[in-house]
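Take a look at the structure below.
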Amino acid sequence: MTGSMTQGSEMTAQTTGPQWWRHGVVYQIYPRSFMDGDGDGIGDLAGATARLPYLHDLGVDAVWFTPWYLSPQADGGYDVADYRRIDPRFGALADAEKFITQANELGIRTIIDIVPNHVSDQHRWFQAALAAAPGSPERARFWFADGKGPGGDQMPTNWLSSFRGHTWTRTTDPDGRPGQWYLHLFTREQPDLNWTNPEVRAEHESILRFWFDRGVAGVRVDSAALIIKDPALPDLPEGSVAPGRHPFLDRDGIHDVYRSWRAVAQSYDPPRILVGEVWLEDPARFAAYLAPDEMNTAFNFDFMARAWDCDQLRASITETLAAHASIGAPPTWVLSNHDVTRPVTRYGRDDSSFAFEKKRFGTPTDIELGTRRARAALLLCAALPGSVYIYQGEELGLPEDEELPREAIEDPMHFRSGGVDPGRDGCRVPLPWTEQSATNFGFSGTDDPDPAWLPQPEWWGQYAVERESADPGSMLSFYREVLALRRTHSDLGRSGFAWSQAGSTCLAFRRGAISCVVNFGPGPVALPEGDLVLASGPVEGRMIGPDVAAWLRVDPAEQAHPTDQIDQTELVRQINKQHNHAKE
Ligand code: NOJ
């Protein structure tokens, strides 16, 4: 039996106030795969709107939509053809406005995705650039360059794509002869914009206003550290590059862009927020994006990518808290998103860390083990200071679908790897809402739908919302309970953080009157003093087994940090002390 001594807690109001993002819970919707309202097998905004009560019951404060704009979908919508139009597969602008309004009525904010690094090759700007001559203002919005070598037939730089392979494609001139090359850090259908061009900056500020005026609460900024390039287009040298000197990653000029975006966001009431997708290893460089006049928060990929390992996660939490405390920004805790292997699959592998380069077909996993760990991981994340991100289906404990037929795969990462990398579609399979396989497991809101755009495996129904809702031991019931308790225990939103003494295979920390313990070891551990609030697995005689976490309510008189605010200096001191202790 899952240990819970707080039954039937009332669902409280969603997190309120302009600072909600400091500790809110954000649910990520991948619109193609969340809910199909019209039976064409593709998720849409009408479907998402119909499921707002589900999101409300889950207890989220905001949703983040991956791109919903007009797009040829060469990269799951991250190839935007027109920012001011909704892709017809998903609906129309009125459907987006309806979603935003109805979500707001339920206390759920809407965050949308902005993709500043690139647009679709079908975007009117890029089409105009192709039709224009070298050196033209149309081409100056992108990175067009002559090739190197005789006839200009070598790429202008040696830059490699995070989607593997080269980053330049050659154009053809109107007379049929080979022309200039253009830069694309991702696929050839995603030409990079030139952010030294004031038109590019003005256009994006106008796009932000377009959506802020429609009531969106903020934007998630895609590939945020990539947008500025060295205009000299130097080759990437071999070996390491000094911070800020990389030709296209994390260049110093980037901060000026986000400062102006923050000014736009702050001019609204309530202020809108910026959430950065910033993949950087150096904690100080990462924290620079969270200066008080830049982004509000950024995804914590360091934590997300670590193995299920006590020392690894302790180190990541310690470094995360220190980096964020240094700049006064709240951390985020993320277990998954539309790009990475689902947690129940990843945590069940021998190597449970995440890296894009490591993804291969046929890597064995133990889903039961992964599920136990994913439950514990949620309890851990929900107890830490900061906000929590949940990717659709994570709350159902959906595994990665690793058996998608090859011919169904659409993800360019798969193709650009020569078919070696399975790609990201395994975490993008349309959600199961019912157990009825004949109707796309309830994904499509009709009795006679078209097949789902990605095939759902026949075992999908065991993870259906309908089934899990009726099962108090399901992942869904657990997520609902954890999020409800997180709200009722205001200490988890506001109090300081202090590590507690724990064995070498346990993490334990205090947040005001709540204590969180996670057992990573091979055997059972005894829970410390305190009333059990909730556990992610069985509790027998105050013992929790391997890969189980628990929350306890401790005597308030013994609170490590009775304050309502995190004391930054004290926090850093504590963290350093614990860190050193952990290393000894
Ligand atoms: C990050 C997004 O999360 C991913 O899905 C996309 O492919 C790349 N950025 C390129 O836009």
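Identifiers in this document derive from the order of the structure tokens: chains are assigned A, B, ..., residues are numbered from 1 separately in each chain, and ligands are numbered from 1 in order of occurrence.
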*Using only C-alpha atoms, determine which residues lie at most 8 Å from region 295-300 of chain A, disregarding the query and same-chain residues fewer than 3 positions distant; provide the list as a list in words.*
Trp21, Tyr258, Arg259, Arg262, Ile273, Leu274, Val275, Gly276, Glu277, Val278, Tyr289, Leu290, Ala291, Pro292, Phe303, Met304, Thr320, Ala329, Pro330, Pro331, Thr332, Trp333 and Val334 of chain A
*If you run DSSP over the backbone, which residues in region 51-300 of chain A end up helix (DSSP H, G or I)? Put them as number ranges by chain.*
A: 52-58, 93-105, 124-131, 139-141, 150-152, 198-213, 254-266, 283-290
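Among the candidates A:Ala81, A:Phe186, A:Val25, A:Val216, the one nearest to Ile100 (chain A) when counting only C-alpha atoms is A:Val216.
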Any chance you could tabulate, as a tab-separated table, the residues of chain A at most 9 Å from ligand 1 with each one's nearest atom pair and distance in Å to one decimal, using only C-alpha atoms and all ligand atoms, in chain and rising number order?
residue	atom	partner	partner_atom_place_in_ligand_line	distance
A:Thr66	CA	ligand 1	3 (O)	8.0
A:Asp75	CA	ligand 1	7 (O)	5.7
A:Gly76	CA	ligand 1	5 (O)	6.8
A:Gly77	CA	ligand 1	11 (O)	8.2
A:Tyr78	CA	ligand 1	11 (O)	4.6
A:Asp79	CA	ligand 1	11 (O)	7.0
A:Val115	CA	ligand 1	11 (O)	6.3
A:Pro116	CA	ligand 1	11 (O)	8.8
A:Asn117	CA	ligand 1	11 (O)	7.5
A:His118	CA	ligand 1	11 (O)	7.4
A:Val119	CA	ligand 1	11 (O)	8.9
A:Ser162	CA	ligand 1	8 (C)	8.8
A:Phe163	CA	ligand 1	7 (O)	8.2
A:Leu185	CA	ligand 1	10 (C)	8.4
A:Phe186	CA	ligand 1	10 (C)	6.2
A:Thr187	CA	ligand 1	10 (C)	8.4
A:Gln190	CA	ligand 1	11 (O)	8.1
A:Val221	CA	ligand 1	1 (C)	9.0
A:Asp222	CA	ligand 1	9 (N)	5.4
A:Ser223	CA	ligand 1	9 (N)	5.1
A:Ala224	CA	ligand 1	9 (N)	8.7
A:Glu277	CA	ligand 1	1 (C)	7.3
A:Asn337	CA	ligand 1	3 (O)	7.8
A:His338	CA	ligand 1	5 (O)	6.5
A:Asp339	CA	ligand 1	5 (O)	5.5
A:Asp411	CA	ligand 1	7 (O)	8.7
A:Pro412	CA	ligand 1	7 (O)	8.3
A:Met413	CA	ligand 1	7 (O)	8.2
A:Arg424	CA	ligand 1	5 (O)	8.4
*Which polymer residues have any atom within 10 Å of an atom of Leu476 (chain A), counting only C-alpha atoms, with same-chain residues fewer than 3 positions away left out, as a PyMOL selection string?*
chain A and resi 58+393-397+463-473+479-482
*asked:* Can you pull out every residue from region 61-178 of chain A that DSSP, working from the backbone, puts in strand (DSSP E or B), and format the result as number ranges by chain?
replied: A: 62-65, 69-70, 82-86, 109-114, 118, 142, 144-145, 148, 154, 160, 166, 168-172, 178
*Contacts of Trp211 (chain A) at 12 Å (only C-alpha atoms; same-chain gap of 2+ positions) as number ranges by chain*: A: 69, 83-86, 93, 96-97, 100, 110-114, 204-209, 213-219, 264-265, 268, 272
*asked:* Env of Asp282 (chain A): 12 Å cut, atoms = only C-alpha atoms, seq-sep filter 4 positions within chain, self excluded. Answer as a PyMOL selection string.
replied: chain A and resi 242-244+250+278+286-289+301-302+319-320+323
*So which residues touch Phe142 (chain A) within 12 Å, counting only C-alpha atoms, skipping near sequence neighbours fewer than 4 positions away, as a PyMOL selection string?*
chain A and resi 116-121+123+125-130+134-138+168+180-185+190-200+227-229+231
_Contacts of Arg375 (chain A) at 12 Å (only C-alpha atoms; same-chain gap of 6+ positions) as a ChimeraX atom specification_ = /A:2,308,335,343-344,347,368-369,381-382,394-397,473-482,518,534-538,547-550
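With only C-alpha atoms as the atoms that count, the residue of A:Gly442, A:Phe99, A:Arg314, A:Leu527 with the shortest distance to Asp36 (chain A) is A:Gly442.
Taking CA of Gly348 (chain A) and CA of Asp309 (chain A) as the two end points, the separation is 12.1 Å.
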Within 12 Å of region 42-56 of chain A, which residues of region 407-458 of chain A show up? Give each one with its shortest atom-to-atom distance in Å (one decimal) and the two atoms involved, counting only C-alpha atoms, rows by chain then rising residue number, as JSON lines.
{"residue": "A:Arg428", "atom": "CA", "partner": "A:Gly43", "partner_atom": "CA", "distance": 11.1}
{"residue": "A:Val429", "atom": "CA", "partner": "A:Ile42", "partner_atom": "CA", "distance": 10.6}
{"residue": "A:Pro430", "atom": "CA", "partner": "A:Gly43", "partner_atom": "CA", "distance": 7.7}
{"residue": "A:Leu431", "atom": "CA", "partner": "A:Gly43", "partner_atom": "CA", "distance": 9.4}
{"residue": "A:Pro432", "atom": "CA", "partner": "A:Gly43", "partner_atom": "CA", "distance": 12.0}
{"residue": "A:Trp433", "atom": "CA", "partner": "A:Arg51", "partner_atom": "CA", "distance": 10.2}
{"residue": "A:Asn440", "atom": "CA", "partner": "A:Ile42", "partner_atom": "CA", "distance": 10.6}
{"residue": "A:Gly442", "atom": "CA", "partner": "A:Gly47", "partner_atom": "CA", "distance": 10.9}
{"residue": "A:Phe443", "atom": "CA", "partner": "A:Gly43", "partner_atom": "CA", "distance": 7.8}
{"residue": "A:Ser444", "atom": "CA", "partner": "A:Gly43", "partner_atom": "CA", "distance": 7.6}
{"residue": "A:Gly445", "atom": "CA", "partner": "A:Gly47", "partner_atom": "CA", "distance": 7.4}
{"residue": "A:Thr446", "atom": "CA", "partner": "A:Gly47", "partner_atom": "CA", "distance": 11.0}
{"residue": "A:Pro449", "atom": "CA", "partner": "A:Ile42", "partner_atom": "CA", "distance": 9.8}
{"residue": "A:Asp450", "atom": "CA", "partner": "A:Ile42", "partner_atom": "CA", "distance": 8.6}
{"residue": "A:Pro451", "atom": "CA", "partner": "A:Ile42", "partner_atom": "CA", "distance": 8.7}
{"residue": "A:Ala452", "atom": "CA", "partner": "A:Ile42", "partner_atom": "CA", "distance": 6.3}
{"residue": "A:Trp453", "atom": "CA", "partner": "A:Ile42", "partner_atom": "CA", "distance": 5.8}
{"residue": "A:Leu454", "atom": "CA", "partner": "A:Ile42", "partner_atom": "CA", "distance": 8.8}
{"residue": "A:Pro455", "atom": "CA", "partner": "A:Ile42", "partner_atom": "CA", "distance": 11.2}
